[in-house]
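Below is run37.txt, which holds compact mmCIF, C-alpha atoms.
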```
# COMPACT_ATOMS: atom_id res chain seq x y z
CA MET P 1 -35.01 102.96 -55.44
CA LYS P 2 -36.03 105.04 -58.43
CA ILE P 3 -33.56 106.18 -61.09
CA ARG P 4 -34.00 109.50 -62.85
CA LEU P 5 -32.11 110.50 -65.98
CA GLU P 6 -32.13 114.18 -66.94
CA ASN P 7 -31.00 115.24 -70.43
CA LEU P 8 -28.47 112.41 -70.40
CA THR P 9 -26.15 112.48 -73.43
CA LYS P 10 -23.03 110.55 -74.34
CA LYS P 11 -20.86 111.39 -77.35
CA PHE P 12 -17.82 109.44 -78.53
CA GLN P 13 -15.11 110.95 -80.65
CA ASN P 14 -15.27 109.86 -84.28
CA ARG P 15 -12.04 107.95 -84.90
CA GLY P 16 -12.55 107.43 -88.61
CA LYS P 17 -9.69 108.26 -90.93
CA LYS P 18 -11.55 111.28 -92.26
CA GLY P 19 -12.67 112.49 -88.85
CA GLY P 20 -16.19 113.87 -88.86
CA ALA P 21 -18.77 114.63 -86.23
CA ASP P 22 -18.81 112.88 -82.85
CA VAL P 23 -20.89 109.74 -82.52
CA VAL P 24 -23.93 110.34 -80.29
CA ALA P 25 -24.57 107.04 -78.52
CA VAL P 26 -27.15 108.37 -76.04
CA ASP P 27 -29.10 111.43 -77.12
CA ASN P 28 -30.84 113.57 -74.48
CA PHE P 29 -32.43 110.84 -72.36
CA ASN P 30 -35.18 111.94 -70.02
CA PHE P 31 -37.07 109.30 -68.09
CA GLU P 32 -37.65 107.93 -64.62
CA ILE P 33 -37.40 104.28 -63.65
CA PRO P 34 -39.86 103.53 -60.84
CA ASP P 35 -38.69 102.00 -57.59
CA GLY P 36 -38.58 98.20 -57.54
CA LYS P 37 -39.45 97.68 -61.20
CA LEU P 38 -37.77 95.68 -63.96
CA ILE P 39 -37.13 97.82 -67.02
CA GLY P 40 -36.18 96.42 -70.42
CA LEU P 41 -33.88 98.57 -72.58
CA LEU P 42 -34.69 97.29 -76.05
CA GLY P 43 -33.34 98.08 -79.47
CA PRO P 44 -31.16 96.85 -82.35
CA SER P 45 -27.38 96.58 -82.14
CA GLY P 46 -25.77 100.01 -82.00
CA CYS P 47 -28.83 101.82 -80.66
CA GLY P 48 -27.06 102.92 -77.46
CA LYS P 49 -28.73 100.66 -74.91
CA SER P 50 -25.48 99.25 -73.46
CA THR P 51 -23.99 102.74 -73.33
CA ALA P 52 -27.04 103.93 -71.38
CA LEU P 53 -26.51 101.05 -68.93
CA ASN P 54 -22.81 101.90 -68.58
CA LEU P 55 -23.71 105.52 -67.81
CA ILE P 56 -26.10 104.46 -65.08
CA SER P 57 -23.49 102.12 -63.60
CA GLY P 58 -20.66 104.66 -63.73
CA LEU P 59 -18.53 102.71 -66.22
CA GLU P 60 -19.00 105.64 -68.63
CA THR P 61 -19.08 109.35 -67.89
CA PRO P 62 -21.86 111.37 -69.55
CA THR P 63 -21.01 114.19 -71.92
CA SER P 64 -23.89 116.11 -70.40
CA GLY P 65 -26.92 115.52 -68.22
CA ARG P 66 -27.42 114.13 -64.72
CA ILE P 67 -28.17 110.76 -63.09
CA PHE P 68 -30.12 110.50 -59.83
CA PHE P 69 -30.65 107.52 -57.53
CA ASP P 70 -33.74 108.66 -55.64
CA ASP P 71 -32.77 112.28 -54.91
CA GLU P 72 -29.02 111.64 -54.80
CA ASP P 73 -27.03 112.96 -57.76
CA VAL P 74 -24.63 110.11 -58.59
CA THR P 75 -23.38 111.50 -61.91
CA ASP P 76 -19.85 111.96 -60.58
CA VAL P 77 -19.85 109.09 -58.08
CA ALA P 78 -17.41 106.25 -58.82
CA VAL P 79 -18.91 102.94 -59.93
CA GLU P 80 -17.81 101.12 -56.76
CA ASN P 81 -19.67 103.66 -54.63
CA ARG P 82 -22.99 103.66 -56.50
CA GLY P 83 -24.33 100.45 -55.04
CA VAL P 84 -24.92 98.75 -58.37
CA GLY P 85 -24.69 95.07 -59.28
CA LEU P 86 -23.51 94.28 -62.80
CA VAL P 87 -24.08 91.14 -64.87
CA PHE P 88 -22.57 90.90 -68.34
CA GLN P 89 -23.07 88.71 -71.38
CA ASN P 90 -19.80 86.81 -70.90
CA TYR P 91 -20.32 85.95 -67.18
CA ALA P 92 -16.75 87.16 -66.28
CA LEU P 93 -16.21 84.44 -63.68
CA TYR P 94 -12.76 83.64 -62.30
CA PRO P 95 -11.92 80.18 -63.69
CA HIS P 96 -9.51 79.25 -60.87
CA LEU P 97 -12.01 80.04 -58.10
CA THR P 98 -14.90 77.90 -56.86
CA VAL P 99 -18.48 79.08 -57.15
CA LEU P 100 -18.38 80.05 -53.46
CA LYS P 101 -15.27 82.17 -53.90
CA ASN P 102 -16.60 83.76 -57.09
CA ILE P 103 -19.73 84.87 -55.27
CA MET P 104 -17.74 86.03 -52.23
CA PHE P 105 -15.27 88.05 -54.29
CA PRO P 106 -17.11 91.42 -54.07
CA LEU P 107 -17.38 91.03 -50.29
CA GLU P 108 -13.66 90.30 -49.92
CA ASN P 109 -12.90 93.66 -51.51
CA LEU P 110 -14.87 95.67 -48.97
CA LYS P 111 -12.74 98.07 -46.94
CA GLY P 112 -12.89 99.77 -43.57
CA ALA P 113 -16.17 99.70 -41.69
CA LYS P 114 -17.84 97.73 -44.51
CA LYS P 115 -15.43 94.80 -44.20
CA LEU P 116 -17.10 91.59 -42.98
CA PRO P 117 -15.86 88.59 -41.00
CA ARG P 118 -15.24 85.55 -43.21
CA GLU P 119 -18.09 83.60 -41.62
CA ARG P 120 -20.50 86.41 -42.47
CA MET P 121 -19.21 86.54 -46.05
CA ILE P 122 -19.83 82.81 -46.45
CA ASP P 123 -23.35 83.18 -45.02
CA LYS P 124 -24.15 86.00 -47.45
CA ALA P 125 -22.72 84.01 -50.37
CA TYR P 126 -24.99 81.08 -49.54
CA GLU P 127 -27.97 83.43 -49.21
CA ALA P 128 -27.31 84.72 -52.72
CA ALA P 129 -26.77 81.17 -54.02
CA ARG P 130 -30.06 80.00 -52.56
CA LEU P 131 -31.81 82.92 -54.24
CA VAL P 132 -30.63 81.71 -57.66
CA GLN P 133 -30.91 78.01 -56.66
CA ILE P 134 -27.27 76.94 -57.03
CA GLU P 135 -26.31 76.25 -53.41
CA GLU P 136 -25.41 72.63 -54.28
CA LEU P 137 -22.74 73.86 -56.73
CA MET P 138 -20.64 75.92 -54.34
CA ASP P 139 -17.55 73.66 -54.48
CA ARG P 140 -17.41 73.47 -58.28
CA LYS P 141 -15.36 75.63 -60.63
CA PRO P 142 -16.85 77.47 -63.64
CA SER P 143 -15.53 74.86 -66.13
CA GLU P 144 -17.71 72.26 -64.40
CA LEU P 145 -20.91 74.27 -64.90
CA SER P 146 -23.35 74.66 -67.76
CA GLY P 147 -23.86 78.07 -69.35
CA GLY P 148 -27.07 78.59 -67.43
CA GLN P 149 -25.40 77.69 -64.15
CA GLN P 150 -22.52 80.07 -64.85
CA GLN P 151 -24.97 82.88 -65.51
CA ARG P 152 -26.68 82.17 -62.19
CA VAL P 153 -23.32 82.42 -60.45
CA ALA P 154 -22.78 85.80 -62.10
CA ILE P 155 -26.20 86.97 -60.91
CA ALA P 156 -25.54 85.70 -57.36
CA ARG P 157 -22.22 87.57 -57.33
CA ALA P 158 -24.02 90.75 -58.37
CA LEU P 159 -26.67 90.27 -55.67
CA VAL P 160 -24.39 89.32 -52.78
CA LYS P 161 -23.84 92.95 -51.72
CA ARG P 162 -27.58 93.64 -52.00
CA PRO P 163 -27.13 96.42 -54.54
CA ARG P 164 -29.50 99.33 -54.86
CA VAL P 165 -29.70 98.71 -58.61
CA LEU P 166 -29.17 95.52 -60.65
CA LEU P 167 -27.92 96.06 -64.22
CA LEU P 168 -28.03 93.18 -66.73
CA ASP P 169 -26.33 93.63 -70.12
CA GLU P 170 -27.50 91.00 -72.65
CA PRO P 171 -27.26 88.33 -69.91
CA LEU P 172 -28.89 85.54 -71.95
CA SER P 173 -27.11 85.95 -75.29
CA ASN P 174 -24.73 83.03 -74.78
CA LEU P 175 -27.42 80.53 -73.78
CA ASP P 176 -29.32 78.10 -75.98
CA ALA P 177 -33.04 78.60 -76.57
CA ARG P 178 -34.21 76.37 -73.71
CA LEU P 179 -31.85 77.91 -71.18
CA ARG P 180 -32.72 81.42 -72.33
CA LEU P 181 -36.36 80.78 -71.53
CA GLN P 182 -35.58 79.18 -68.17
CA THR P 183 -33.07 81.82 -67.10
CA ARG P 184 -35.24 84.79 -68.02
CA GLU P 185 -38.01 83.33 -65.88
CA GLU P 186 -35.50 83.03 -63.05
CA ILE P 187 -34.44 86.66 -63.48
CA ARG P 188 -38.06 87.74 -63.20
CA ARG P 189 -38.54 85.61 -60.08
CA ILE P 190 -35.36 86.91 -58.44
CA GLN P 191 -36.26 90.52 -59.18
CA ARG P 192 -39.70 90.10 -57.65
CA GLU P 193 -38.33 88.39 -54.55
CA THR P 194 -35.64 91.01 -53.93
CA GLY P 195 -37.55 94.09 -55.07
CA ILE P 196 -34.33 95.54 -56.49
CA THR P 197 -34.77 98.08 -59.27
CA THR P 198 -33.45 96.23 -62.32
CA ILE P 199 -32.49 97.29 -65.85
CA PHE P 200 -32.28 94.53 -68.44
CA VAL P 201 -30.58 95.30 -71.77
CA THR P 202 -31.52 93.13 -74.74
CA HIS P 203 -32.06 93.22 -78.50
CA ASP P 204 -34.59 90.36 -78.19
CA GLN P 205 -38.07 91.83 -78.06
CA GLU P 206 -39.60 88.57 -76.83
CA GLU P 207 -37.28 88.61 -73.80
CA ALA P 208 -38.04 92.24 -73.04
CA MET P 209 -41.80 91.85 -73.39
CA SER P 210 -42.01 88.66 -71.34
CA ILE P 211 -40.32 89.85 -68.12
CA SER P 212 -40.33 93.67 -68.08
CA ASP P 213 -42.69 95.93 -66.16
CA LEU P 214 -41.82 98.69 -68.65
CA ILE P 215 -39.83 98.67 -71.86
CA VAL P 216 -37.80 101.50 -73.33
CA VAL P 217 -37.48 101.14 -77.11
CA MET P 218 -34.37 102.83 -78.52
CA LYS P 219 -33.10 103.75 -81.97
CA SER P 220 -29.89 105.63 -82.83
CA GLY P 221 -29.41 106.79 -79.25
CA LYS P 222 -32.93 108.19 -78.89
CA ILE P 223 -35.89 106.94 -76.90
CA GLN P 224 -38.71 105.97 -79.24
CA GLN P 225 -41.32 104.85 -76.70
CA ILE P 226 -41.67 103.96 -73.02
CA ASP P 227 -44.65 101.96 -71.78
CA LYS P 228 -45.86 98.61 -70.55
CA PRO P 229 -44.91 95.88 -73.05
CA GLN P 230 -48.45 95.12 -74.20
CA ASN P 231 -49.20 98.82 -74.62
CA VAL P 232 -46.16 99.29 -76.84
CA TYR P 233 -47.27 96.35 -78.98
CA ASP P 234 -50.89 97.51 -79.18
CA ASP P 235 -50.16 101.23 -79.52
CA PRO P 236 -46.81 101.85 -81.30
CA LYS P 237 -45.87 105.52 -81.61
CA ASN P 238 -44.05 105.19 -84.92
CA LEU P 239 -43.26 102.75 -87.71
CA PHE P 240 -39.92 101.71 -86.20
CA VAL P 241 -41.54 100.59 -82.95
CA ALA P 242 -44.32 98.79 -84.84
CA LYS P 243 -41.75 96.89 -86.93
CA PHE P 244 -39.43 96.10 -84.04
CA LEU P 245 -42.02 94.49 -81.77
CA GLY P 246 -43.93 91.42 -82.75
CA THR P 247 -43.25 87.84 -83.83
CA PRO P 248 -44.10 87.29 -86.64
CA ALA P 249 -43.35 90.87 -87.64
CA ILE P 250 -46.02 93.36 -88.62
CA ASN P 251 -46.99 93.43 -92.31
CA VAL P 252 -46.27 96.83 -93.88
CA PHE P 253 -47.87 98.25 -97.02
CA VAL P 254 -47.63 101.45 -99.04
CA GLY P 255 -50.99 103.15 -98.96
CA SER P 256 -52.98 106.34 -98.69
CA VAL P 257 -55.94 107.94 -96.99
CA LYS P 258 -58.43 109.33 -99.50
CA HIS P 259 -61.95 110.62 -98.87
CA GLY P 260 -62.27 108.95 -95.49
CA ARG P 261 -60.90 105.56 -96.49
CA ILE P 262 -57.65 103.73 -95.93
CA PHE P 263 -56.30 102.36 -99.19
CA ILE P 264 -53.62 99.70 -99.51
CA GLY P 265 -52.54 100.15 -103.08
CA ASP P 266 -55.89 100.48 -104.82
CA ASP P 267 -57.76 98.34 -102.28
CA ALA P 268 -60.11 100.22 -99.93
CA VAL P 269 -59.80 98.33 -96.66
CA MET P 270 -61.49 100.54 -94.06
CA GLN P 271 -63.64 103.62 -93.61
CA ILE P 272 -62.27 106.11 -91.08
CA LYS P 273 -62.74 109.68 -89.94
CA GLY P 274 -60.52 112.41 -88.58
CA VAL P 275 -57.67 112.06 -91.10
CA GLU P 276 -56.98 114.27 -94.08
CA ASN P 277 -55.97 112.85 -97.46
CA THR P 278 -52.33 111.82 -97.15
CA ALA P 279 -49.71 109.29 -98.18
CA ILE P 280 -49.18 106.59 -95.55
CA TYR P 281 -47.63 103.33 -94.59
CA ALA P 282 -50.20 100.84 -93.29
CA GLY P 283 -49.13 98.20 -90.78
CA ILE P 284 -51.28 95.16 -90.05
CA ARG P 285 -50.39 92.75 -87.26
CA PRO P 286 -50.46 89.08 -88.40
CA GLU P 287 -53.47 88.41 -86.16
CA GLY P 288 -55.33 91.40 -87.64
CA PHE P 289 -56.52 89.65 -90.83
CA ILE P 290 -60.01 88.18 -91.13
CA PRO P 291 -60.53 85.77 -94.08
CA ASP P 292 -63.52 87.23 -95.89
CA ASP P 293 -64.71 86.46 -99.43
CA ASN P 294 -65.99 90.06 -99.61
CA GLY P 295 -63.02 91.66 -97.87
CA GLY P 296 -61.43 94.77 -99.33
CA LEU P 297 -57.82 93.55 -99.24
CA LYS P 298 -57.18 91.30 -102.23
CA CYS P 299 -54.00 89.21 -102.05
CA LEU P 300 -52.43 86.35 -104.01
CA LEU P 301 -52.29 83.08 -102.11
CA LYS P 302 -48.75 81.70 -101.76
CA GLY P 303 -48.93 79.08 -99.05
CA VAL P 304 -50.71 77.66 -96.03
CA GLU P 305 -49.12 76.46 -92.80
CA VAL P 306 -51.36 74.59 -90.33
CA MET P 307 -50.11 74.93 -86.75
CA GLY P 308 -52.83 73.13 -84.80
CA ARG P 309 -55.05 75.81 -83.30
CA ASP P 310 -53.88 78.46 -85.78
CA THR P 311 -53.31 78.59 -89.51
CA SER P 312 -50.76 80.85 -91.16
CA ILE P 313 -51.84 82.05 -94.60
CA LEU P 314 -48.95 83.26 -96.76
CA SER P 315 -49.86 85.69 -99.50
CA SER P 316 -48.55 88.68 -101.44
CA HIS P 317 -49.78 92.10 -102.50
CA TYR P 318 -48.18 94.51 -104.95
CA ALA P 319 -48.17 97.29 -102.32
CA GLN P 320 -46.45 95.24 -99.59
CA GLU P 321 -42.98 95.69 -98.14
CA GLY P 322 -41.06 92.47 -97.67
CA GLU P 323 -41.35 89.13 -99.38
CA LEU P 324 -44.59 87.71 -97.98
CA ILE P 325 -47.66 88.67 -96.00
CA ARG P 326 -48.16 86.38 -93.03
CA SER P 327 -51.73 86.25 -91.70
CA ILE P 328 -52.36 84.18 -88.60
CA VAL P 329 -55.98 83.12 -88.12
CA GLU P 330 -57.78 80.49 -86.14
CA SER P 331 -57.92 77.31 -88.19
CA GLU P 332 -61.72 77.30 -88.25
CA GLU P 333 -61.69 80.82 -89.72
CA ALA P 334 -59.26 79.79 -92.43
CA PHE P 335 -61.36 76.82 -93.39
CA SER P 336 -64.56 78.86 -93.53
CA ILE P 337 -63.58 80.57 -96.78
CA THR P 338 -62.52 77.39 -98.59
CA ALA P 339 -61.42 73.86 -97.82
CA LEU P 340 -57.72 73.49 -97.02
CA ASP P 341 -57.21 71.11 -99.95
CA ASP P 342 -58.70 73.67 -102.34
CA MET P 343 -56.36 76.33 -101.00
CA ILE P 344 -53.34 74.09 -101.52
CA ASP P 345 -54.57 73.16 -105.02
CA LYS P 346 -54.57 76.84 -105.93
CA ILE P 347 -50.90 77.04 -104.99
CA ILE P 348 -49.63 73.94 -106.77
CA ASP P 349 -51.89 73.89 -109.86
CA PRO P 350 -49.83 75.44 -112.68
CA VAL P 351 -52.96 76.51 -114.58
CA HIS P 352 -54.61 78.18 -111.59
CA SER P 353 -51.35 79.79 -110.55
CA ARG P 354 -51.45 81.87 -113.72
CA SER P 355 -54.89 83.22 -112.86
CA ASP P 356 -54.88 85.95 -110.24
CA LYS P 357 -58.62 85.61 -109.69
CA LEU P 358 -58.47 81.89 -108.97
CA ASN P 359 -55.40 82.38 -106.81
CA GLU P 360 -56.95 85.23 -104.81
CA VAL P 361 -57.49 85.30 -101.07
CA ARG P 362 -59.36 88.23 -99.55
CA PHE P 363 -59.30 89.75 -96.09
CA SER P 364 -61.07 92.33 -94.02
CA VAL P 365 -58.98 93.90 -91.26
CA LYS P 366 -59.46 94.33 -87.50
CA PRO P 367 -59.35 98.09 -86.76
CA LYS P 368 -57.27 97.71 -83.59
CA LYS P 369 -54.62 95.78 -85.52
CA LEU P 370 -54.30 98.26 -88.40
CA PHE P 371 -51.95 101.20 -87.80
CA ILE P 372 -51.20 104.01 -90.22
CA PHE P 373 -48.05 106.13 -90.34
CA ASP P 374 -47.13 109.32 -92.16
CA ARG P 375 -45.10 108.37 -95.26
CA GLU P 376 -42.50 111.08 -94.65
CA THR P 377 -42.06 111.20 -90.87
CA GLU P 378 -43.11 107.59 -90.15
CA GLU P 379 -44.96 108.88 -87.08
CA ARG P 380 -48.24 107.29 -86.11
CA ILE P 381 -51.47 108.84 -87.42
CA TYR P 382 -54.45 108.16 -85.15
CA TYR P 383 -57.86 107.64 -86.68
CA LYS P 384 -61.41 106.83 -85.67
CA THR P 385 -63.50 104.14 -87.33
CA VAL P 386 -66.84 104.92 -88.86
```

Please go through the file and, once you have read it, give me the structure as structure tokens.
Amino acid sequence: MKIRLENLTKKFQNRGKKGGADVVAVDNFNFEIPDGKLIGLLGPSGCGKSTALNLISGLETPTSGRIFFDDEDVTDVAVENRGVGLVFQNYALYPHLTVLKNIMFPLENLKGAKKLPRERMIDKAYEAARLVQIEELMDRKPSELSGGQQQRVAIARALVKRPRVLLLDEPLSNLDARLRLQTREEIRRIQRETGITTIFVTHDQEEAMSISDLIVVMKSGKIQQIDKPQNVYDDPKNLFVAKFLGTPAINVFVGSVKHGRIFIGDDAVMQIKGVENTAIYAGIRPEGFIPDDNGGLKCLLKGVEVMGRDTSILSSHYAQEGELIRSIVESEEAFSITALDDMIDKIIDPVHSRSDKLNEVRFSVKPKKLFIFDRETEERIYYKTV
């Protein structure tokens, strides 16, 4: 089932002592979630992603705009009648009930013609449990389960009624790193097996990119970009999106375009065409640096981290934002400009460390990994290479 949001807006009354304007949590959303896809709502805390989820579920009422499930307008339909399954960060399991009874709970609340015989409810509970691979835990209580197992129970409970839409609000936040990885893979598997349209809210860009068919990047209640995860990474629409996606983060510099060249500080790093002279921010992905003794970007070497296949070169530049530039290159590339021992000697030698020339490391830049943004609007400026 597809979900369509039309001009969806949610405002909350400002309850500050001095009053003020209403807080706009969701600001004029317009997008369509394709049938049977897993969508990641991604953004920092306070960006409005959970509010957007609550509007879709019916837990919140929009200030304006409409919500459609396929062609049905569900804007004013109560949450219990929308056919949604909800999974929250805190699991919300009943501690006095067994796993079986926790999963069955939504079925026991069905009324009228929808009410099921107990045997059928048990069968459906076991079907949901098998889907999330916890059928051997049905007699246990939540206190006897690990965090990952409890989250699977919560997902099974949401799936037991075979909802039209599955909504997950930060479902992995309470898990340790290993369980987060395992559980997100399970969520992806379950979604593919069921084909249920799923919305996954997270502030963790690695989670969103790893399991989503599409990601929606949000900031201050507004949609910044919607696309396939790799496309958002490779083709960010603005500086916020470029900064938010990527581990390690993108390296950002103050620069300019002058006479057909991109300058970082005073360093001419690339010839381009199609862009007028303007003040810019330049963003270079960590994998976009090429060690090059004749490269245009001249940095001061600060450290080297060897990570097997790759080497991380830490450096600085007077036009950078942030503390360090992190350049990730294949180890053979790093060693081609100088021996590793020589690089480390430059860092620890107190005489050399006072000489910028001796402490210099130079790079050329991969065009597809260098993005430029208008200094005022922070919107992406597209260029062509010469």

Show which residues sit within 10 Å of Ile262 of chain P, as a list in words. Count all atoms listed in the file, and ignore same-chain residues fewer than 2 positions away.
Gly255, Ser256, Val257, Lys258, His259, Gly260, Ile264, Gly265, Asp266, Asp267, Ala268, Val269, Met270, Gln271, Ile272, Lys273, Val275, Asn277, Thr278, Ala279, Ile280, Ala282, Leu370 and Ile372 of chain P

Item to check | Option closest in space to Val153 of chain P, from P:Phe105, P:Phe244, P:Tyr233, P:Tyr91 [counting only C-alpha atoms] | outcome: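 Result for the nearest residue to Val153 of chain P: P:Tyr91.
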
> Skipping near chain neighbours, those fewer than 3 positions away, what residues fall within 8 Å of Asp310 of chain P using all atoms listed in the file, listed as an MDAnalysis selection string?
Replying inline: chainID P and resid 306:307 328:331

Need to verify the contact set: segment 33-47 of chain P, 9 Å, only C-alpha atoms, exclusion of same-chain residues closer than 6 positions in sequence. Can you return it as a PyMOL selection string? chain P and resi 1-5+25-26+53+70+165+188+191-192+194-205+207-209+211-222+244

- Query: Any idea what the distance is between atom CA of Arg152 of chain P and atom CA of Ile134 of chain P?
  - Reply: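 Distance between the two atoms: 7.4 Å.
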
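One finds atom CA of Val23 of chain P at 27.4 Å from atom CA of Leu166 of chain P.
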
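Between atom CA of Arg326 of chain P and atom CA of Asn359 of chain P there is a distance of 16.1 Å.
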
Shortest contact to Glu276 of chain P, candidates P:Leu300, P:Ile313, P:Ile381, P:Ala128, atoms counted all atoms listed in the file, goes to P:Ile381

Of P:Arg309, P:Arg118, P:Lys237, P:Lys228, the one nearest to Tyr382 of chain P when counting only C-alpha atoms is P:Lys237

Polymer residues at most 8 Å from Val232 of chain P, only C-alpha atoms, same-chain spacing of 6 or more positions, as a PDB file with C-alpha atoms, in the frame of the given file:
```
ATOM      1  CA  GLN P 225     -41.320 104.850 -76.700  1.00  0.00           C
ATOM      2  CA  ILE P 226     -41.670 103.960 -73.020  1.00  0.00           C
ATOM      3  CA  VAL P 241     -41.540 100.590 -82.950  1.00  0.00           C
TER       4      VAL P 241
END
```

Checklist entry - Taking all atoms listed in the file into account, which of P:Ala52, P:Val254, P:Val132, P:Leu167 comes nearest Glu185 of chain P? => result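 For Glu185 of chain P, the nearest of the candidates is P:Val132.
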
Need to verify the contact set: segment 284-291 of chain P, 6 Å, all atoms listed in the file, exclusion of same-chain residues closer than 6 positions in sequence. Can you return it as a ChimeraX atom specification?
/P:250-251,326-328,363-366,369-370

Could you write those residues out with C-alpha atoms, as a short mmCIF file (atom, residue, chain, number, x, y, z; two decimals), keeping the file's coordinate frame?
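Result file follows (result-v2.cif):
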```cif
data_model
loop_
_atom_site.label_atom_id
_atom_site.label_comp_id
_atom_site.auth_asym_id
_atom_site.auth_seq_id
_atom_site.Cartn_x
_atom_site.Cartn_y
_atom_site.Cartn_z
CA ILE P 250 -46.02 93.36 -88.62
CA ASN P 251 -46.99 93.43 -92.31
CA ARG P 326 -48.16 86.38 -93.03
CA SER P 327 -51.73 86.25 -91.70
CA ILE P 328 -52.36 84.18 -88.60
CA PHE P 363 -59.30 89.75 -96.09
CA SER P 364 -61.07 92.33 -94.02
CA VAL P 365 -58.98 93.90 -91.26
CA LYS P 366 -59.46 94.33 -87.50
CA LYS P 369 -54.62 95.78 -85.52
CA LEU P 370 -54.30 98.26 -88.40
#
```

Using all atoms listed in the file, the best pick from P:Pro229, P:Gly283, P:Pro142, P:Pro248 as closest to Thr98 of chain P would be P:Pro142

Taking into account all atoms listed in the file, which residue in the set P:Leu145, P:Thr377, P:Asn54, P:Met104 is nearest to Phe240 of chain P?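 Among P:Leu145, P:Thr377, P:Asn54, P:Met104, it is P:Thr377 that comes nearest to Phe240 of chain P.
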